[in-house]
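The structure appears right after this line, and notes come after that.
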Amino acid sequence: MRIATWNVNSLKVRLPQVLDWLLEQEKAETPIDALCLQELKMPDDKYPLAELESAGFHSVFTGQKTYNGVAILARNATMATPADVVRNIPGYDDPQQRVVAATYGDVRLVCAYFPNGQAPDSDKFTYKLGWLQAMTAWLQAEMAKYPKLALLGDFNIAPEDRDVHDPKKWEGQNLVSPPERDAFKALQALGLADAFRLFEQPEKSFSWWDYRMFAFRRNAGLRIDHILLSPALRDVCHACVIDRVPRTWEQPSDHTPVVATLATGA
DNA sequence: ATGGCTTCGTTTCGAAGA
């Protein structure tokens with residue numbers, strides 16, 4: 001099973017790229033079985049269900065106008081009907097649509113768009129830390145229920161200095177600050193492993209580059225999009241890569257996909 | 001250098017992203 005995450009920064013704008021990318025994976029015989037999307041930026045009635053269905057993918061999603069919105073696309077040919085669909089963090093009252101989860105066979109996929117946080121001294125940062133705490137508590141219960149669990153998404157946290165193009169310049173700032181990194185470690189302490197770091201990787205591997213200042217050309221990026229795996233899935237993970245190609249396309253998202261390959265037997 | 005770029009809303013620029 002190949003699973004992926006991609007913050008598309010507007011599904012309306014990026015739908016053709018999502019379809020192109022999925023089709024290319026099919027042609028390369030490395031089909032994506034499940035793709036988690038973040039920042040749909042559209043209400044549910046604008047979700048391109050039919051187009052994705054024609055491309056061979058069914059969806060679970062939760063959207064909102066202008067901001068946020070998440071979806072899990074699953075390949076009809078290989079993926080079971082989603083069960084136990086959950087939208088948002090149960091018991092955590094939040095109008096922002098940032099989480100959707102579903103079970104495919106015995107694999108639980110959690111797609112999340114973590115709050116940005118804006119700046120460590122802002123109200124949005126306080127919201128980010130509270131959200132992270134609620135997410136961590138809920139995931140602990142989810143992992144007890146579903147041993148084969150993957151958490152995919154835009155975490156808006158660069159876990160270590162090697163995930164930052166210029167650690168000195170970024171020190172203490174939003175996305176890299178100690179409280180955020182501690183929250184990431186709390187997720188790891190649940191037993192969730194950073195799939196990307198299970199393997200040897202090129203130096204300066206990033207998943208996001210600012211649109212400004214030719215950041216992609218200079219590889220001035222951050223690794224903030226992640227796939228975290230429960231022990232049962234970590235043990236069967238064969239590869240995890242960042243696919244930089246969509247970031248090279250015309251009118252790209254500022255994020256690029258992260259892909260993990262699992263030997264689930266399905 | 002609080003800029004730089006992109007998206008959305010309903011604008012004729014502001015907010016937000018990261």
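Identifiers in the structure tokens: chain A, B, ... in order shown; residue index from 1 per chain; ligand index from 1 in order shown.
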
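The neighbours of Ser59 of chain A here are the residues that come within 7 Å of it, using only C-alpha atoms (C1' of nucleotides) and leaving out any residue fewer than 3 positions away in the same chain; they are Ala71, Ile72, Leu73 and Ala74 of chain A.
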
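Using only C-alpha atoms (C1' of nucleotides), one finds that the residues of chain B close to chain A, at 10 Å or less, are B:DG3, B:DG4, B:DC5, B:DT6, B:DT7, B:DC8, B:DG9, B:DA16, B:DG17, B:DA18.
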
Please produce a file of the residues just selected, as a short mmCIF file (atom, residue, chain, number, x, y, z; two decimals), in the first residue's frame, where the atoms kept are N, CA, C and O atoms (P, O5', C5', C4', C3', O3' and C1' of nucleotides).
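Saved file again-v2.cif follows:
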data_model
loop_
_atom_site.label_atom_id
_atom_site.label_comp_id
_atom_site.auth_asym_id
_atom_site.auth_seq_id
_atom_site.Cartn_x
_atom_site.Cartn_y
_atom_site.Cartn_z
P DG B 3 5.53 45.69 5.52
"O5'" DG B 3 6.55 45.28 4.36
"C5'" DG B 3 6.22 44.31 3.43
"C4'" DG B 3 7.18 44.41 2.25
"C3'" DG B 3 7.03 43.28 1.24
"O3'" DG B 3 7.23 43.79 -0.06
"C1'" DG B 3 9.22 43.25 2.16
P DG B 4 6.16 43.37 -1.13
"O5'" DG B 4 6.90 42.12 -1.78
"C5'" DG B 4 8.12 42.28 -2.48
"C4'" DG B 4 8.80 40.97 -2.59
"C3'" DG B 4 7.86 39.81 -3.01
"O3'" DG B 4 8.52 39.11 -4.06
"C1'" DG B 4 9.12 39.24 -1.11
P DC B 5 7.75 38.77 -5.36
"O5'" DC B 5 6.76 37.58 -5.00
"C5'" DC B 5 7.09 36.27 -5.38
"C4'" DC B 5 6.02 35.33 -4.89
"C3'" DC B 5 4.74 35.36 -5.73
"O3'" DC B 5 4.54 34.04 -6.18
"C1'" DC B 5 4.25 35.40 -3.41
P DT B 6 3.49 33.71 -7.34
"O5'" DT B 6 2.21 33.22 -6.54
"C5'" DT B 6 2.23 31.94 -5.91
"C4'" DT B 6 0.99 31.77 -5.09
"C3'" DT B 6 -0.32 31.98 -5.85
"O3'" DT B 6 -1.00 30.73 -5.87
"C1'" DT B 6 -0.35 33.03 -3.71
P DT B 7 -2.34 30.57 -6.72
"O5'" DT B 7 -3.49 30.78 -5.64
"C5'" DT B 7 -3.67 29.83 -4.60
"C4'" DT B 7 -4.70 30.34 -3.63
"C3'" DT B 7 -6.00 30.78 -4.28
"O3'" DT B 7 -7.03 29.86 -3.93
"C1'" DT B 7 -5.26 32.36 -2.63
P DC B 8 -8.50 30.07 -4.53
"O5'" DC B 8 -9.18 30.98 -3.43
"C5'" DC B 8 -9.21 30.55 -2.07
"C4'" DC B 8 -9.85 31.62 -1.21
"C3'" DC B 8 -11.17 32.14 -1.77
"O3'" DC B 8 -12.16 32.06 -0.76
"C1'" DC B 8 -9.70 33.94 -1.28
P DG B 9 -13.72 32.16 -1.14
"O5'" DG B 9 -14.04 33.69 -0.81
"C5'" DG B 9 -14.12 34.10 0.55
"C4'" DG B 9 -14.17 35.60 0.63
"C3'" DG B 9 -15.35 36.24 -0.14
"O3'" DG B 9 -15.97 37.22 0.68
"C1'" DG B 9 -13.33 37.27 -0.72
P DA B 16 -6.46 37.14 9.73
"O5'" DA B 16 -5.69 35.98 8.97
"C5'" DA B 16 -6.46 35.04 8.24
"C4'" DA B 16 -5.52 34.19 7.44
"C3'" DA B 16 -4.33 33.62 8.23
"O3'" DA B 16 -4.53 32.23 8.37
"C1'" DA B 16 -3.70 34.41 6.05
P DG B 17 -3.51 31.30 9.20
"O5'" DG B 17 -2.57 30.73 8.05
"C5'" DG B 17 -3.16 30.02 6.97
"C4'" DG B 17 -2.15 29.87 5.88
"C3'" DG B 17 -0.81 29.26 6.33
"O3'" DG B 17 -0.48 28.20 5.45
"C1'" DG B 17 -0.45 31.18 5.04
P DA B 18 0.21 26.81 6.07
"O5'" DA B 18 1.74 27.23 6.09
"C5'" DA B 18 2.44 27.29 4.88
"C4'" DA B 18 3.85 27.80 5.12
"C3'" DA B 18 4.59 27.08 6.24
"O3'" DA B 18 5.94 26.91 5.85
"C1'" DA B 18 4.55 29.37 6.71
#

Those in segment 73-245 of chain A with helix (DSSP H, G or I) from DSSP, as a PyMOL selection string: chain A and resi 123-145+161-163+167-170+178-189+195-198+231-234+245

Compile the contact shell of Val100 of chain A as a PyMOL selection string: residues with an atom at most 8 Å away, counting only C-alpha atoms (C1' of nucleotides), same-chain residues fewer than 3 positions apart removed. chain A and resi 60-62+70-72+85-88+110-112

Please provide the set of residues having any atom within 8 Å of segment 192-203 of chain A, restricted to only C-alpha atoms (C1' of nucleotides), with same-chain residues fewer than 5 positions apart removed, written as a list in words. Arg162, Leu187, His226, Ile227, Leu228, Leu229, Ser230, Pro231, Arg234, Cys237, Ala239, Cys240, Val241 and Ala260 of chain A

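Taking atom CA of Lys46 of chain A as the reference point, atom CA of Val18 of chain A is found at 16.0 Å.
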
Shell around segment 29-37 of chain A at 8 Å using only C-alpha atoms (C1' of nucleotides), local window under 3 positions removed, as a tab-separated table (two decimals) with all heavy atoms, in the first residue's frame:
chain	number	residue	atom	x	y	z
A	1	MET	N	0.85	-1.20	0.00
A	1	MET	CA	0.00	0.00	0.00
A	1	MET	C	0.88	1.24	0.00
A	1	MET	O	1.83	1.34	0.78
A	1	MET	CB	-0.89	-0.01	1.25
A	1	MET	CG	-1.81	1.21	1.35
A	1	MET	SD	-2.70	1.29	2.92
A	1	MET	CE	-3.84	-0.07	2.71
A	2	ARG	N	0.55	2.16	-0.91
A	2	ARG	CA	1.32	3.41	-0.96
A	2	ARG	C	0.40	4.55	-0.51
A	2	ARG	O	-0.69	4.73	-1.05
A	2	ARG	CB	1.84	3.65	-2.39
A	2	ARG	CG	2.85	4.76	-2.48
A	2	ARG	CD	3.51	4.81	-3.86
A	2	ARG	NE	4.74	4.05	-3.90
A	2	ARG	CZ	4.91	2.94	-4.61
A	2	ARG	NH1	3.95	2.45	-5.33
A	2	ARG	NH2	6.08	2.33	-4.59
A	3	ILE	N	0.84	5.27	0.51
A	3	ILE	CA	0.04	6.36	1.07
A	3	ILE	C	0.81	7.67	0.96
A	3	ILE	O	2.05	7.68	1.00
A	3	ILE	CB	-0.36	6.07	2.54
A	3	ILE	CG1	0.86	5.91	3.43
A	3	ILE	CG2	-1.24	4.83	2.61
A	3	ILE	CD1	0.52	5.72	4.92
A	4	ALA	N	0.07	8.76	0.81
A	4	ALA	CA	0.73	10.05	0.56
A	4	ALA	C	-0.03	11.18	1.21
A	4	ALA	O	-1.23	11.06	1.52
A	4	ALA	CB	0.84	10.28	-0.94
A	5	THR	N	0.68	12.29	1.41
A	5	THR	CA	0.07	13.51	1.91
A	5	THR	C	0.54	14.70	1.09
A	5	THR	O	1.70	14.74	0.66
A	5	THR	CB	0.38	13.73	3.41
A	5	THR	OG1	-0.25	14.95	3.85
A	5	THR	CG2	1.87	13.83	3.67
A	6	TRP	N	-0.40	15.64	0.87
A	6	TRP	CA	-0.07	16.81	0.04
A	6	TRP	C	-0.97	17.98	0.45
A	6	TRP	O	-2.20	17.88	0.34
A	6	TRP	CB	-0.31	16.46	-1.43
A	6	TRP	CG	0.19	17.46	-2.44
A	6	TRP	CD1	0.92	18.60	-2.22
A	6	TRP	CD2	0.00	17.39	-3.86
A	6	TRP	NE1	1.20	19.23	-3.40
A	6	TRP	CE2	0.64	18.51	-4.43
A	6	TRP	CE3	-0.64	16.48	-4.71
A	6	TRP	CZ2	0.66	18.75	-5.80
A	6	TRP	CZ3	-0.63	16.72	-6.08
A	6	TRP	CH2	0.02	17.83	-6.61
A	7	ASN	N	-0.36	19.04	0.92
A	7	ASN	CA	-1.10	20.28	1.15
A	7	ASN	C	-1.18	20.99	-0.20
A	7	ASN	O	-0.17	21.45	-0.73
A	7	ASN	CB	-0.40	21.16	2.19
A	7	ASN	CG	-1.14	22.47	2.43
A	7	ASN	OD1	-1.77	23.00	1.51
A	7	ASN	ND2	-1.08	22.99	3.64
A	8	VAL	N	-2.41	21.05	-0.76
A	8	VAL	CA	-2.57	21.53	-2.13
A	8	VAL	C	-2.81	23.04	-2.22
A	8	VAL	O	-2.79	23.60	-3.32
A	8	VAL	CB	-3.70	20.79	-2.88
A	8	VAL	CG1	-3.27	19.37	-3.17
A	8	VAL	CG2	-5.01	20.82	-2.10
A	22	LEU	N	-1.65	11.78	-9.71
A	22	LEU	CA	-2.16	10.43	-9.46
A	22	LEU	C	-2.05	9.56	-10.72
A	22	LEU	O	-1.66	8.39	-10.65
A	22	LEU	CB	-3.61	10.50	-8.98
A	22	LEU	CG	-3.80	11.04	-7.56
A	22	LEU	CD1	-5.28	11.29	-7.27
A	22	LEU	CD2	-3.22	10.08	-6.52
A	25	GLN	N	1.50	8.44	-11.31
A	25	GLN	CA	1.88	7.33	-10.42
A	25	GLN	C	1.34	6.01	-10.95
A	25	GLN	O	2.03	4.98	-10.89
A	25	GLN	CB	1.37	7.58	-9.00
A	25	GLN	CG	1.82	8.89	-8.38
A	25	GLN	CD	3.32	9.08	-8.39
A	25	GLN	OE1	4.07	8.20	-7.98
A	25	GLN	NE2	3.77	10.22	-8.88
A	26	GLU	N	0.12	6.03	-11.49
A	26	GLU	CA	-0.46	4.82	-12.08
A	26	GLU	C	0.41	4.34	-13.25
A	26	GLU	O	0.72	3.15	-13.35
A	26	GLU	CB	-1.88	5.10	-12.59
A	26	GLU	CG	-2.88	5.45	-11.51
A	26	GLU	CD	-3.53	4.23	-10.84
A	26	GLU	OE1	-3.41	3.11	-11.37
A	26	GLU	OE2	-4.13	4.42	-9.77
A	40	LEU	N	-8.06	22.41	1.43
A	40	LEU	CA	-8.98	22.37	0.29
A	40	LEU	C	-9.50	23.78	-0.03
A	40	LEU	O	-9.72	24.13	-1.19
A	40	LEU	CB	-10.17	21.46	0.59
A	40	LEU	CG	-9.87	20.03	1.10
A	40	LEU	CD1	-11.17	19.28	1.34
A	40	LEU	CD2	-8.99	19.29	0.10
A	70	VAL	N	-9.92	19.22	4.65
A	70	VAL	CA	-9.06	18.05	4.47
A	70	VAL	C	-9.85	16.93	3.79
A	70	VAL	O	-11.08	16.88	3.89
A	70	VAL	CB	-8.50	17.55	5.82
A	70	VAL	CG1	-7.44	18.50	6.37
A	70	VAL	CG2	-9.63	17.37	6.85
A	71	ALA	N	-9.11	16.05	3.12
A	71	ALA	CA	-9.75	14.94	2.42
A	71	ALA	C	-8.81	13.73	2.39
A	71	ALA	O	-7.60	13.89	2.43
A	71	ALA	CB	-10.11	15.33	0.98
A	72	ILE	N	-9.41	12.54	2.35
A	72	ILE	CA	-8.65	11.32	2.05
A	72	ILE	C	-9.22	10.73	0.77
A	72	ILE	O	-10.41	10.39	0.70
A	72	ILE	CB	-8.74	10.28	3.18
A	72	ILE	CG1	-8.30	10.88	4.52
A	72	ILE	CG2	-7.87	9.06	2.84
A	72	ILE	CD1	-8.51	9.94	5.72
A	73	LEU	N	-8.38	10.66	-0.26
A	73	LEU	CA	-8.74	10.00	-1.51
A	73	LEU	C	-8.24	8.57	-1.43
A	73	LEU	O	-7.10	8.34	-1.03
A	73	LEU	CB	-8.05	10.68	-2.69
A	73	LEU	CG	-8.62	11.99	-3.23
A	73	LEU	CD1	-8.94	12.98	-2.15
A	73	LEU	CD2	-7.66	12.60	-4.24
A	74	ALA	N	-9.09	7.61	-1.83
A	74	ALA	CA	-8.67	6.21	-1.79
A	74	ALA	C	-9.00	5.55	-3.12
A	74	ALA	O	-10.08	5.77	-3.69
A	74	ALA	CB	-9.32	5.48	-0.64
A	75	ARG	N	-8.07	4.75	-3.60
A	75	ARG	CA	-8.12	4.15	-4.93
A	75	ARG	C	-9.16	3.03	-4.95
A	75	ARG	O	-9.04	2.03	-4.23
A	75	ARG	CB	-6.73	3.62	-5.25
A	75	ARG	CG	-6.48	3.18	-6.65
A	75	ARG	CD	-4.96	3.04	-6.86
A	75	ARG	NE	-4.64	2.40	-8.12
A	75	ARG	CZ	-4.30	1.11	-8.22
A	75	ARG	NH1	-4.26	0.33	-7.15
A	75	ARG	NH2	-4.00	0.60	-9.41
A	78	THR	N	-8.10	-0.77	-5.17
A	78	THR	CA	-7.35	-1.47	-4.13
A	78	THR	C	-7.81	-1.18	-2.71
A	78	THR	O	-7.40	-1.88	-1.78
A	78	THR	CB	-5.85	-1.11	-4.22
A	78	THR	OG1	-5.73	0.31	-4.35
A	78	THR	CG2	-5.20	-1.78	-5.41
A	79	MET	N	-8.64	-0.16	-2.55
A	79	MET	CA	-8.97	0.26	-1.19
A	79	MET	C	-10.44	-0.05	-0.86
A	79	MET	O	-11.33	0.21	-1.67
A	79	MET	CB	-8.70	1.75	-0.99
A	79	MET	CG	-7.23	2.11	-1.11
A	79	MET	SD	-6.22	1.49	0.26
A	79	MET	CE	-6.55	2.77	1.48
A	111	CYS	N	-5.92	12.05	8.53
A	111	CYS	CA	-5.43	13.16	7.71
A	111	CYS	C	-5.62	14.45	8.50
A	111	CYS	O	-6.74	14.74	8.94
A	111	CYS	CB	-6.20	13.21	6.40
A	111	CYS	SG	-5.88	14.68	5.40
A	152	LEU	N	-1.11	11.34	8.69
A	152	LEU	CA	-0.48	12.02	7.56
A	152	LEU	C	-0.99	13.46	7.50
A	152	LEU	O	-2.16	13.72	7.73
A	152	LEU	CB	-0.84	11.35	6.23
A	152	LEU	CG	-0.61	9.85	6.07
A	152	LEU	CD1	-1.85	9.06	6.47
A	152	LEU	CD2	-0.23	9.51	4.63
A	153	GLY	N	-0.09	14.37	7.15
A	153	GLY	CA	-0.58	15.72	6.98
A	153	GLY	C	0.49	16.79	6.98
A	153	GLY	O	1.69	16.51	6.97

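Each of A:Ala28, A:Met143, A:Leu19, A:Ala83 was compared to Ser54 of chain A using only C-alpha atoms, and A:Leu19 turns out to be the nearest.
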
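Pairwise distance (atom CA of Thr126 of chain A, atom C1' of DA1 of chain B) equals 28.4 Å.
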
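Note that the spacing between atom CA of Trp170 of chain A and atom CA of Asp123 of chain A amounts to 20.0 Å.
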
Run DSSP on the backbone and grab whatever in segment 1-161 of chain A lands in strand (DSSP E or B); send it over as a ChimeraX atom specification. /A:2-7,34-38,57-62,70-75,83-87,99-104,107-113,149-154

Set the distance at 6 Å and use only C-alpha atoms (C1' of nucleotides): which residues neighbour Leu149 of chain A once local chain neighbours fewer than 4 positions away are removed? I'd like the list as a PyMOL selection string. chain A and resi 107-109+230
